[in-house]
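Source file model_14.txt; content: compact mmCIF, C-alpha atoms and all ligand atoms.
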```txt
# COMPACT_ATOMS: atom_id res chain seq x y z
CA MET A 1 0.00 0.00 0.00
CA THR A 2 1.54 3.30 -1.04
CA ALA A 3 -0.97 5.48 0.77
CA SER A 4 0.34 6.00 4.27
CA ARG A 5 -1.59 8.88 5.77
CA VAL A 6 -4.43 8.52 8.24
CA LEU A 7 -6.96 11.18 9.16
CA VAL A 8 -8.23 10.86 12.73
CA LEU A 9 -11.59 12.43 13.50
CA ASN A 10 -12.96 12.94 16.98
CA SER A 11 -16.50 14.23 16.47
CA GLY A 12 -17.79 15.38 19.84
CA SER A 13 -21.15 16.85 20.73
CA SER A 14 -20.08 20.43 19.99
CA SER A 15 -16.69 20.11 18.28
CA VAL A 16 -14.77 18.12 15.71
CA LYS A 17 -11.07 17.58 16.37
CA TYR A 18 -8.85 16.25 13.63
CA GLN A 19 -5.29 15.14 13.07
CA LEU A 20 -3.62 14.00 9.89
CA LEU A 21 -0.74 11.59 10.52
CA GLN A 22 2.01 10.26 8.28
CA MET A 23 2.25 6.65 9.41
CA ALA A 24 5.73 5.99 8.01
CA ASP A 25 7.19 7.97 10.91
CA GLU A 26 4.00 8.64 12.88
CA SER A 27 4.46 12.39 12.45
CA ARG A 28 1.67 14.98 12.50
CA LEU A 29 1.02 16.69 9.16
CA ALA A 30 -1.91 18.77 10.38
CA SER A 31 -4.24 19.12 13.32
CA GLY A 32 -7.07 21.38 14.31
CA VAL A 33 -10.51 21.73 15.78
CA VAL A 34 -13.84 23.11 14.63
CA GLU A 35 -15.71 24.29 17.70
CA ARG A 36 -19.11 25.64 18.70
CA ILE A 37 -21.11 23.38 16.41
CA GLY A 38 -24.76 24.42 16.51
CA GLU A 39 -23.94 27.48 18.62
CA GLU A 40 -24.04 31.12 17.75
CA GLY A 41 -20.95 32.17 15.83
CA GLY A 42 -20.10 28.57 15.04
CA VAL A 43 -20.97 26.26 12.17
CA ALA A 44 -24.52 24.96 11.85
CA ASP A 45 -23.98 21.22 12.25
CA HIS A 46 -21.53 18.34 12.03
CA THR A 47 -21.87 18.11 8.26
CA GLU A 48 -20.72 21.70 7.92
CA ALA A 49 -17.97 21.12 10.49
CA LEU A 50 -16.60 18.18 8.51
CA ARG A 51 -16.70 20.22 5.32
CA LYS A 52 -14.72 22.90 7.12
CA VAL A 53 -12.12 20.32 8.19
CA SER A 54 -11.94 19.15 4.60
CA ALA A 55 -11.49 22.74 3.34
CA GLU A 56 -8.80 23.49 5.96
CA LEU A 57 -6.84 20.42 4.90
CA ALA A 58 -7.28 21.23 1.20
CA GLY A 59 -6.01 24.75 1.85
CA ARG A 60 -2.76 23.23 3.11
CA GLY A 61 -2.41 20.91 0.12
CA LEU A 62 -3.51 17.94 2.23
CA GLY A 63 -7.04 17.52 0.90
CA LEU A 64 -9.24 14.53 1.56
CA ASP A 65 -9.04 13.73 -2.16
CA SER A 66 -5.34 12.89 -1.80
CA PRO A 67 -4.31 9.41 -2.97
CA GLU A 68 -1.90 9.48 -0.02
CA LEU A 69 -4.80 8.95 2.38
CA ALA A 70 -5.03 5.31 3.50
CA ALA A 71 -7.91 5.49 5.97
CA VAL A 72 -10.00 7.67 8.24
CA GLY A 73 -10.00 6.63 11.90
CA HIS A 74 -13.02 7.69 13.94
CA ARG A 75 -13.24 7.81 17.69
CA VAL A 76 -16.52 6.24 18.76
CA VAL A 77 -17.35 6.45 22.44
CA HIS A 78 -19.61 3.45 23.01
CA GLY A 79 -19.15 0.07 21.35
CA GLY A 80 -21.35 -1.88 23.77
CA THR A 81 -20.62 -5.62 23.88
CA ARG A 82 -20.63 -5.94 20.08
CA PHE A 83 -17.65 -3.81 19.07
CA THR A 84 -14.57 -5.02 20.90
CA GLU A 85 -12.01 -4.32 18.16
CA PRO A 86 -11.34 -1.52 15.67
CA THR A 87 -14.02 -2.08 13.05
CA LEU A 88 -14.26 -1.33 9.36
CA VAL A 89 -17.40 0.75 8.85
CA THR A 90 -20.23 -0.81 6.83
CA ASP A 91 -23.95 -0.02 6.78
CA ASP A 92 -24.45 -2.79 9.31
CA VAL A 93 -21.77 -1.33 11.61
CA LEU A 94 -23.40 2.11 11.38
CA ALA A 95 -26.72 0.54 12.38
CA GLY A 96 -24.96 -1.16 15.31
CA ILE A 97 -23.46 2.12 16.54
CA GLU A 98 -26.90 3.71 16.16
CA GLN A 99 -28.42 1.02 18.38
CA LEU A 100 -26.00 2.04 21.13
CA VAL A 101 -27.20 5.67 21.19
CA PRO A 102 -29.29 5.13 24.36
CA LEU A 103 -26.05 4.19 26.19
CA ALA A 104 -24.18 7.28 24.95
CA PRO A 105 -26.81 9.83 23.91
CA LEU A 106 -24.41 12.79 23.75
CA HIS A 107 -21.54 11.09 21.99
CA ASN A 108 -22.56 8.31 19.63
CA PRO A 109 -24.84 10.48 17.44
CA ALA A 110 -22.01 12.98 16.86
CA ASN A 111 -19.56 10.15 16.18
CA LEU A 112 -22.02 8.68 13.68
CA THR A 113 -22.46 11.94 11.80
CA GLY A 114 -18.69 12.28 11.51
CA ILE A 115 -18.43 8.84 9.97
CA LYS A 116 -21.31 9.40 7.58
CA VAL A 117 -19.97 12.70 6.26
CA ALA A 118 -16.43 11.37 5.87
CA ARG A 119 -17.88 8.41 4.00
CA GLU A 120 -19.73 10.72 1.64
CA LEU A 121 -16.57 12.71 1.00
CA ARG A 122 -14.45 9.60 0.29
CA PRO A 123 -16.67 6.55 -0.30
CA ASP A 124 -13.71 4.53 -1.60
CA LEU A 125 -11.66 4.91 1.59
CA PRO A 126 -11.67 2.53 4.58
CA GLN A 127 -13.44 4.26 7.47
CA VAL A 128 -12.44 2.65 10.74
CA ALA A 129 -14.35 3.01 14.00
CA VAL A 130 -12.16 2.81 17.11
CA PHE A 131 -14.17 2.41 20.30
CA ASP A 132 -13.43 3.95 23.69
CA THR A 133 -14.88 0.85 25.32
CA ALA A 134 -12.98 -1.79 23.30
CA PHE A 135 -9.84 -2.13 25.42
CA HIS A 136 -12.03 -2.97 28.40
CA ALA A 137 -13.89 -5.80 26.67
CA THR A 138 -11.50 -8.28 28.30
CA ILE A 139 -12.67 -7.39 31.83
CA PRO A 140 -13.92 -10.59 33.47
CA GLU A 141 -17.59 -10.94 34.40
CA ALA A 142 -16.77 -10.66 38.11
CA ALA A 143 -15.61 -7.09 37.52
CA ALA A 144 -17.97 -6.15 34.68
CA ARG A 145 -21.24 -7.21 36.32
CA TYR A 146 -23.19 -4.99 38.66
CA ALA A 147 -24.83 -6.94 41.48
CA ILE A 148 -28.40 -6.31 40.35
CA ASP A 149 -31.08 -8.63 38.99
CA THR A 150 -29.48 -10.32 36.00
CA ALA A 151 -32.57 -10.28 33.78
CA THR A 152 -33.00 -6.53 34.30
CA ALA A 153 -29.31 -5.89 33.69
CA ASP A 154 -29.31 -7.90 30.47
CA ARG A 155 -32.51 -6.37 29.21
CA TYR A 156 -31.07 -2.85 29.44
CA GLY A 157 -27.44 -3.66 28.64
CA ILE A 158 -26.40 -2.68 32.15
CA ARG A 159 -22.79 -3.66 32.87
CA ARG A 160 -19.43 -1.99 33.27
CA TYR A 161 -18.07 -1.09 29.81
CA GLY A 162 -15.30 1.37 30.72
CA PHE A 163 -14.05 4.31 28.65
CA HIS A 164 -10.80 6.11 27.70
CA GLY A 165 -9.82 2.70 26.30
CA THR A 166 -7.51 4.02 23.59
CA SER A 167 -5.64 6.00 26.24
CA HIS A 168 -5.35 3.08 28.66
CA ALA A 169 -4.18 0.81 25.82
CA TYR A 170 -1.63 3.32 24.56
CA VAL A 171 -0.29 4.28 27.99
CA SER A 172 -0.03 0.73 29.35
CA ARG A 173 2.03 -0.24 26.28
CA ALA A 174 4.11 2.94 26.34
CA THR A 175 4.89 2.25 30.01
CA ALA A 176 6.26 -1.17 29.05
CA ASP A 177 8.31 0.51 26.29
CA LEU A 178 9.70 3.01 28.78
CA LEU A 179 10.79 0.15 31.04
CA GLY A 180 12.14 -1.91 28.14
CA GLU A 181 9.68 -4.68 29.00
CA ASP A 182 7.29 -6.76 26.97
CA PRO A 183 3.70 -5.61 27.82
CA ALA A 184 2.82 -9.30 28.22
CA ASP A 185 5.15 -9.49 31.23
CA LEU A 186 3.92 -6.38 32.99
CA ASN A 187 1.06 -5.57 35.38
CA VAL A 188 0.21 -1.88 35.21
CA ILE A 189 -2.19 0.51 36.91
CA VAL A 190 -3.00 3.41 34.58
CA LEU A 191 -4.41 6.61 36.05
CA HIS A 192 -5.90 8.74 33.26
CA LEU A 193 -6.54 12.05 35.03
CA GLY A 194 -7.94 14.63 32.66
CA ASN A 195 -11.17 16.59 32.83
CA GLY A 196 -12.69 13.12 32.68
CA ALA A 197 -10.74 10.64 34.78
CA SER A 198 -10.46 6.88 34.98
CA ALA A 199 -8.20 4.16 36.33
CA SER A 200 -7.52 0.76 34.84
CA ALA A 201 -5.80 -2.43 35.93
CA VAL A 202 -3.89 -4.05 33.06
CA ARG A 203 -2.45 -7.54 33.50
CA GLY A 204 0.05 -8.60 30.87
CA GLY A 205 -1.34 -6.11 28.35
CA VAL A 206 -4.94 -7.17 28.98
CA CYS A 207 -7.37 -4.92 30.84
CA VAL A 208 -8.90 -6.68 33.86
CA ASP A 209 -10.68 -3.81 35.62
CA THR A 210 -11.54 -0.16 35.15
CA SER A 211 -13.20 2.56 37.18
CA MET A 212 -15.76 3.82 34.66
CA GLY A 213 -18.91 1.82 34.18
CA LEU A 214 -22.08 1.81 32.12
CA THR A 215 -21.25 5.44 31.35
CA PRO A 216 -18.22 7.67 31.99
CA LEU A 217 -19.80 8.86 35.25
CA GLU A 218 -18.60 6.11 37.59
CA GLY A 219 -15.30 5.97 39.43
CA LEU A 220 -12.86 8.77 40.16
CA VAL A 221 -13.76 12.34 41.06
CA MET A 222 -13.56 14.35 37.81
CA GLY A 223 -13.67 17.99 36.71
CA THR A 224 -17.46 18.19 36.76
CA ARG A 225 -18.56 14.56 37.34
CA SER A 226 -19.16 13.01 40.74
CA GLY A 227 -17.69 9.59 40.08
CA ASP A 228 -18.78 6.91 42.57
CA ILE A 229 -21.86 7.76 44.58
CA ASP A 230 -24.38 5.79 46.58
CA PRO A 231 -27.18 5.09 44.06
CA ALA A 232 -29.63 5.93 46.82
CA VAL A 233 -28.54 9.57 46.52
CA ILE A 234 -30.44 9.63 43.22
CA ILE A 235 -33.52 8.05 44.78
CA HIS A 236 -33.31 10.47 47.69
CA LEU A 237 -33.01 13.51 45.39
CA ALA A 238 -35.98 12.32 43.35
CA ARG A 239 -38.21 11.40 46.30
CA THR A 240 -37.29 14.08 48.78
CA GLY A 241 -36.03 16.85 46.54
CA GLY A 242 -38.48 16.25 43.69
CA LEU A 243 -35.68 16.46 41.15
CA GLY A 244 -36.32 14.99 37.70
CA THR A 245 -33.98 12.65 35.85
CA ASP A 246 -32.61 15.42 33.61
CA GLU A 247 -31.84 17.61 36.63
CA ILE A 248 -30.05 14.76 38.38
CA ASP A 249 -28.18 13.94 35.19
CA ASP A 250 -27.10 17.57 34.93
CA LEU A 251 -26.12 17.69 38.62
CA LEU A 252 -23.96 14.55 38.57
CA ASN A 253 -22.35 15.10 35.14
CA LYS A 254 -21.96 18.88 34.96
CA ARG A 255 -22.17 20.39 38.43
CA SER A 256 -20.32 17.86 40.57
CA GLY A 257 -16.73 16.69 40.93
CA LEU A 258 -14.14 19.39 41.59
CA LEU A 259 -16.52 22.05 40.28
CA GLY A 260 -19.28 21.00 42.64
CA LEU A 261 -16.95 20.89 45.60
CA CYS A 262 -15.19 24.22 45.15
CA GLY A 263 -16.54 26.05 42.09
CA ALA A 264 -13.50 25.32 39.90
CA ASN A 265 -12.87 22.29 37.70
CA ASP A 266 -9.32 23.16 36.67
CA MET A 267 -6.60 21.67 38.87
CA ARG A 268 -4.36 24.67 38.15
CA GLU A 269 -6.87 27.06 39.67
CA ILE A 270 -7.39 24.73 42.62
CA GLY A 271 -3.62 24.70 43.18
CA ARG A 272 -3.50 28.51 43.16
CA ARG A 273 -6.38 28.74 45.63
CA MET A 274 -4.82 26.14 47.92
CA ALA A 275 -1.66 28.26 48.01
CA GLU A 276 -3.91 31.03 49.39
CA ASP A 277 -5.32 28.66 52.03
CA ASP A 278 -8.75 28.43 50.45
CA PRO A 279 -10.49 25.68 52.47
CA ARG A 280 -12.98 24.72 49.72
CA ALA A 281 -10.22 24.23 47.18
CA GLN A 282 -8.29 22.18 49.74
CA LEU A 283 -11.34 20.00 50.41
CA ALA A 284 -11.91 19.43 46.68
CA PHE A 285 -8.27 18.39 46.31
CA ASP A 286 -8.50 16.08 49.32
CA VAL A 287 -11.69 14.38 48.10
CA TYR A 288 -10.12 13.95 44.65
CA VAL A 289 -6.96 12.42 46.08
CA HIS A 290 -8.79 10.21 48.58
CA ARG A 291 -10.80 8.59 45.78
CA LEU A 292 -7.66 8.14 43.71
CA ARG A 293 -5.89 6.35 46.58
CA ARG A 294 -8.87 4.05 47.03
CA TYR A 295 -8.57 2.94 43.41
CA VAL A 296 -4.80 2.51 43.65
CA GLY A 297 -5.38 0.21 46.61
CA ALA A 298 -8.28 -1.61 44.98
CA PHE A 299 -6.44 -2.23 41.72
CA THR A 300 -3.33 -3.35 43.60
CA ALA A 301 -5.51 -6.06 45.12
CA VAL A 302 -7.13 -6.86 41.76
CA LEU A 303 -3.73 -7.33 40.11
CA GLY A 304 -2.04 -9.04 43.06
CA ARG A 305 1.34 -7.91 41.76
CA VAL A 306 1.85 -4.39 40.42
CA ASP A 307 4.98 -3.73 38.35
CA ALA A 308 4.23 -0.22 37.22
CA LEU A 309 1.85 2.67 37.78
CA ALA A 310 1.45 5.36 35.12
CA PHE A 311 -0.02 8.85 35.41
CA THR A 312 -1.44 10.39 32.24
CA ALA A 313 -3.71 13.14 30.79
CA GLY A 314 -3.89 16.82 31.83
CA VAL A 315 -3.73 16.41 35.61
CA GLY A 316 -1.67 13.20 35.61
CA GLU A 317 0.97 14.61 33.28
CA ASN A 318 1.20 18.04 34.87
CA SER A 319 0.27 18.03 38.54
CA ALA A 320 3.19 16.94 40.70
CA ALA A 321 1.04 17.77 43.74
CA VAL A 322 -1.67 15.29 42.78
CA ARG A 323 0.89 12.58 41.96
CA ALA A 324 2.70 13.08 45.27
CA ALA A 325 -0.51 13.10 47.33
CA ALA A 326 -1.98 10.10 45.50
CA LEU A 327 0.97 7.88 46.44
CA ARG A 328 2.07 9.43 49.75
CA ASP A 329 3.01 6.84 52.39
CA LEU A 330 2.31 3.90 50.10
CA ASP A 331 5.71 2.29 50.61
CA GLY A 332 3.76 -0.60 52.13
CA LEU A 333 2.44 -1.20 48.61
CA GLY A 334 5.94 -0.82 47.17
CA MET A 335 5.24 2.65 45.78
CA VAL A 336 7.67 5.46 46.56
CA VAL A 337 7.73 8.69 44.54
CA ASP A 338 11.05 10.51 44.22
CA PRO A 339 10.21 14.15 45.08
CA VAL A 340 12.92 15.61 42.86
CA ARG A 341 12.03 13.52 39.79
CA ASN A 342 8.35 14.20 40.41
CA ALA A 343 8.91 17.96 40.46
CA VAL A 344 10.81 18.05 37.16
CA ARG A 345 8.57 19.27 34.36
CA GLY A 346 8.98 17.38 31.14
CA SER A 347 7.11 16.46 28.00
CA GLY A 348 8.14 12.85 27.36
CA ALA A 349 7.51 9.59 29.20
CA ARG A 350 9.60 9.52 32.36
CA LEU A 351 10.12 7.68 35.63
CA ILE A 352 9.37 9.44 38.90
CA SER A 353 9.85 6.54 41.33
CA ALA A 354 12.57 6.49 43.97
CA ALA A 355 15.32 3.87 43.82
CA SER A 356 13.64 2.16 46.79
CA SER A 357 10.29 1.83 44.96
CA ARG A 358 9.43 -1.77 44.00
CA VAL A 359 6.77 -0.45 41.63
CA ALA A 360 8.00 1.66 38.70
CA ILE A 361 6.05 4.93 38.82
CA ALA A 362 5.89 6.84 35.55
CA VAL A 363 4.43 9.89 33.87
CA VAL A 364 3.41 8.83 30.37
CA PRO A 365 1.80 11.40 28.05
CA THR A 366 -1.20 9.86 26.36
CA ASP A 367 -1.78 10.01 22.61
CA GLU A 368 -5.25 8.80 21.75
CA GLU A 369 -5.05 10.10 18.17
CA LEU A 370 -1.91 8.10 17.47
CA GLU A 371 -3.50 4.98 18.94
CA ILE A 372 -6.59 5.47 16.73
CA ALA A 373 -4.39 6.13 13.68
CA ARG A 374 -2.37 2.95 14.32
CA ASP A 375 -5.55 0.91 14.69
CA ALA A 376 -7.10 2.39 11.54
CA TYR A 377 -3.91 1.95 9.51
CA ALA A 378 -3.39 -1.65 10.62
CA LEU A 379 -6.99 -2.53 9.75
CA ALA A 380 -6.82 -0.76 6.37
CA ARG A 381 -3.68 -2.74 5.55
CA ASP A 382 -5.23 -5.99 6.78
CA THR A 383 -8.24 -5.31 4.58
CA GLU A 384 -6.11 -4.53 1.58
CA ALA A 385 -4.00 -7.63 2.09
CA SER A 386 -6.99 -9.93 2.47
CA ALA A 387 -8.50 -8.38 -0.66
CA GLY A 388 -5.56 -9.94 -2.50
CA HIS A 389 -3.43 -6.91 -3.05
CA THR A 390 0.32 -6.94 -3.23
CA ARG A 391 1.44 -6.97 0.39
CA SER A 392 2.30 -10.27 2.03
CA SER A 393 2.33 -9.06 5.64
CA ALA A 394 -0.68 -7.04 6.65
CA ARG A 395 0.21 -5.89 10.11
CA ASP A 396 2.13 -2.72 10.72
CA PRO A 397 5.44 -3.75 12.32
CA HIS A 398 5.46 -0.49 14.27
CA ARG A 399 2.35 -1.51 16.11
CA PRO A 400 2.63 -4.39 18.55
CA THR A 401 -0.46 -6.53 18.35
CA ARG A 402 -3.04 -5.94 21.04
CA ASP A 403 -4.49 -9.44 20.96
CA PRO A 404 -2.69 -11.38 23.71
CA HIS A 405 -3.31 -14.64 21.87
CA PRO A 406 -2.98 -13.90 18.15
CA PRO A 407 -2.83 -16.76 15.66
CA ALA A 408 0.75 -17.96 15.23
CA SER A 409 0.98 -16.59 11.70
CA ASP A 410 0.07 -13.14 12.97
CA GLN A 411 2.70 -12.90 15.69
CA GLN A 412 5.35 -10.33 15.25
CA ALA A 413 7.89 -8.97 17.69
CA PRO A 414 7.30 -5.35 18.67
CA THR A 415 10.03 -3.12 17.30
CA PRO A 416 11.83 -1.60 20.29
CA GLY A 417 11.64 2.15 20.37
CA ALA A 418 9.42 2.31 17.32
CA HIS A 419 7.03 4.68 18.98
CA PRO A 420 7.41 7.29 21.70
P1 LIG B 1 -7.42 16.76 29.63
O1 LIG B 1 -8.88 16.41 29.72
O2 LIG B 1 -6.52 15.56 29.61
O3 LIG B 1 -7.10 17.74 28.53
O4 LIG B 1 -7.07 17.51 30.99
C1 LIG B 1 -7.57 18.80 31.26
C2 LIG B 1 -7.32 19.15 32.71
O5 LIG B 1 -5.94 19.00 33.03
C3 LIG B 1 -7.61 20.59 33.06
O6 LIG B 1 -8.97 20.78 33.37
C4 LIG B 1 -6.75 20.84 34.27
O7 LIG B 1 -7.46 20.50 35.44
C5 LIG B 1 -5.61 19.85 34.11
N1 LIG B 1 -4.33 20.50 33.85
C6 LIG B 1 -3.84 20.93 32.67
N2 LIG B 1 -2.63 21.49 32.84
C7 LIG B 1 -2.34 21.42 34.15
C8 LIG B 1 -1.24 21.83 34.98
N3 LIG B 1 -0.16 22.42 34.46
N4 LIG B 1 -1.31 21.59 36.30
C9 LIG B 1 -2.40 20.96 36.83
N5 LIG B 1 -3.45 20.57 36.12
C10 LIG B 1 -3.43 20.79 34.81
```
Rewrite the structure of this file - the entire thing - as structure tokens.
Amino acid sequence: MTASRVLVLNSGSSSVKYQLLQMADESRLASGVVERIGEEGGVADHTEALRKVSAELAGRGLGLDSPELAAVGHRVVHGGTRFTEPTLVTDDVLAGIEQLVPLAPLHNPANLTGIKVARELRPDLPQVAVFDTAFHATIPEAAARYAIDTATADRYGIRRYGFHGTSHAYVSRATADLLGEDPADLNVIVLHLGNGASASAVRGGVCVDTSMGLTPLEGLVMGTRSGDIDPAVIIHLARTGGLGTDEIDDLLNKRSGLLGLCGANDMREIGRRMAEDDPRAQLAFDVYVHRLRRYVGAFTAVLGRVDALAFTAGVGENSAAVRAAALRDLDGLGMVVDPVRNAVRGSGARLISAASSRVAIAVVPTDEELEIARDAYALARDTEASAGHTRSSARDPHRPTRDPHPPASDQQAPTPGAHP
């Protein structure tokens, strides 16, 4: 296959982010965002947003009509139980993603529109859907099931799906790379701490537990989301407070978390206010960190043996204070942060553990777009190869296979240092 560029589209509810990557060296050729879709001063809808992306790329000589383009990779938030791998888009796949709209009413419709418009613009090109839930499909039933009536759960698709999967997949593998280890030999806790936040337990490259659930609301304290809460709080608010489902949805998703606790959802602002002894900011920080420590402890028990713990995303990559507080006095669990290494600001993957730490503690910048591009490119090449084209080996040697038990013919050694 001569075409070696991949366009990654992340069509959110009110924005479309894009990146164009050259897969030969995994470099960025272009990136951008079209914001305020459907709002005043913005574009009317996702169709117009995608056309704007197309025009921006064309203006830089990188148009969607380029023969260099090998595939378009689309981030899709919810894959349910059906989509557990990157998937080549067909009419049937589109219908499947549509069926999952009730589980992700804000995200899946926008993702779908992105795919449909890109398909119209380049009907000949492989469009690949990469699901936020897919990496978590390996979570065993014991961790995925909620302890409610099974018939009710099955009827409504209620189980733990998990999200941020492309980030957890990328970071767990990049952590192994950093340590010079094979992901198959490593047990890793990944803490993805962005505006949304989630933890995962990855055993030998395979996800075995995660903090998000049916939706991205469960688990850690986030910028505006509550994370774990007694479900009776909802019943109490409805019965006693007379709140409707939309109000409770709004409360827990948009007015809770750090914002609900102290009026700010940005960890930088919380840090500034803590320096001025603001008690509400301090409480928000403490609640955030307490929940994080609970999950570190819980996932240590889930894994039995932890080799590495990785911090990623906006807060994880940048807040030395959160990292230090999250692991303070955890030498009993083999985790000791080196204060000097932790305080050093850097952009690449780096170790912050002390020499005495049994567990390697790392800061590993996430790169969801690259993960999606790798998935889309590998699938486009697989498809081309199986269609009888010229290549003999379909899989990209730069991308270690995710499947822990691939068929023997498909096994290929990861190339050390092939990606950051
Ligand atoms: P993300 O969703 O990964 O883009 O993360 C966004 C969040 O990261 C912001 O809301 C901030 O809370 C946090 N963040 C970004 N930069 C910093 C920083 N330098 N220090 C602390 N937190 C930061």
Could you tell me, as a list of chain:residue names, which residues have any atom at most 10 Å from (-10.0, 21.9, 50.2), counting only C-alpha atoms?
A:Leu258, A:Leu261, A:Cys262, A:Ile270, A:Gly271, A:Arg273, A:Met274, A:Asp277, A:Asp278, A:Pro279, A:Arg280, A:Ala281, A:Gln282, A:Leu283, A:Ala284, A:Phe285, A:Asp286, A:Val287, A:Tyr288
Q.
What residues of the protein or nucleic acid chains come within 8 Å of ligand LIG 1 (chain B) when you use all atoms listed in the file? Reply as an MDAnalysis selection string.
A. chainID A and resid 192:197 223 265:269 271 312:320
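The space separating CA of Val364 (chain A) from CA of Leu330 (chain A) comes to 20.4 Å.
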**Message:** Between A:Asp209, A:Arg294, A:Asp25, A:Ser13, which residue has the minimum interatomic distance to Glu39 (chain A), considering all atoms listed in the file?
**Reply:**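 Residue with the minimum atom-to-atom distance to Glu39 (chain A): A:Ser13.
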Lys52 (chain A): which residues within 12 Å, counting all atoms listed in the file, same-chain residues fewer than 3 positions away excluded, as a ChimeraX atom specification? /A:15-18,32-35,37,42-49,55-59,63-64,117-118
Point out the residue among A:Arg374, A:Arg28, A:Arg173, A:Arg160 with the least atom-to-atom distance to Val130 (chain A), counting all atoms listed in the file.
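The closest residue to Val130 (chain A) is A:Arg374.
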Counting only C-alpha atoms, the residue among A:Pro216, A:Gly38, A:Pro67, A:Gly304 that lies closest to Arg122 (chain A) is A:Pro67
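Here CA of Asn108 (chain A) and CA of Ala199 (chain A) stand 22.4 Å from one another.
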- Task: Check the smallest atom-to-atom distance from each of A:Gly332, A:Val221, A:Ile248, A:Leu62 to Val289 (chain A) using only C-alpha atoms, then report the winner.
- Result: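 Result for the nearest residue to Val289 (chain A): A:Val221.
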field: A:Thr175, A:Ser200, A:Ser347, A:Ser54 ranked by distance to Leu7 (chain A), top pick (using only C-alpha atoms)
entry: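 Ranked by minimum distance to Leu7 (chain A), first place goes to A:Ser54.
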Separation of CA of Ala326 (chain A) from CA of His290 (chain A) in Å: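 CA of Ala326 (chain A) lies at a distance of 7.5 Å from CA of His290 (chain A).
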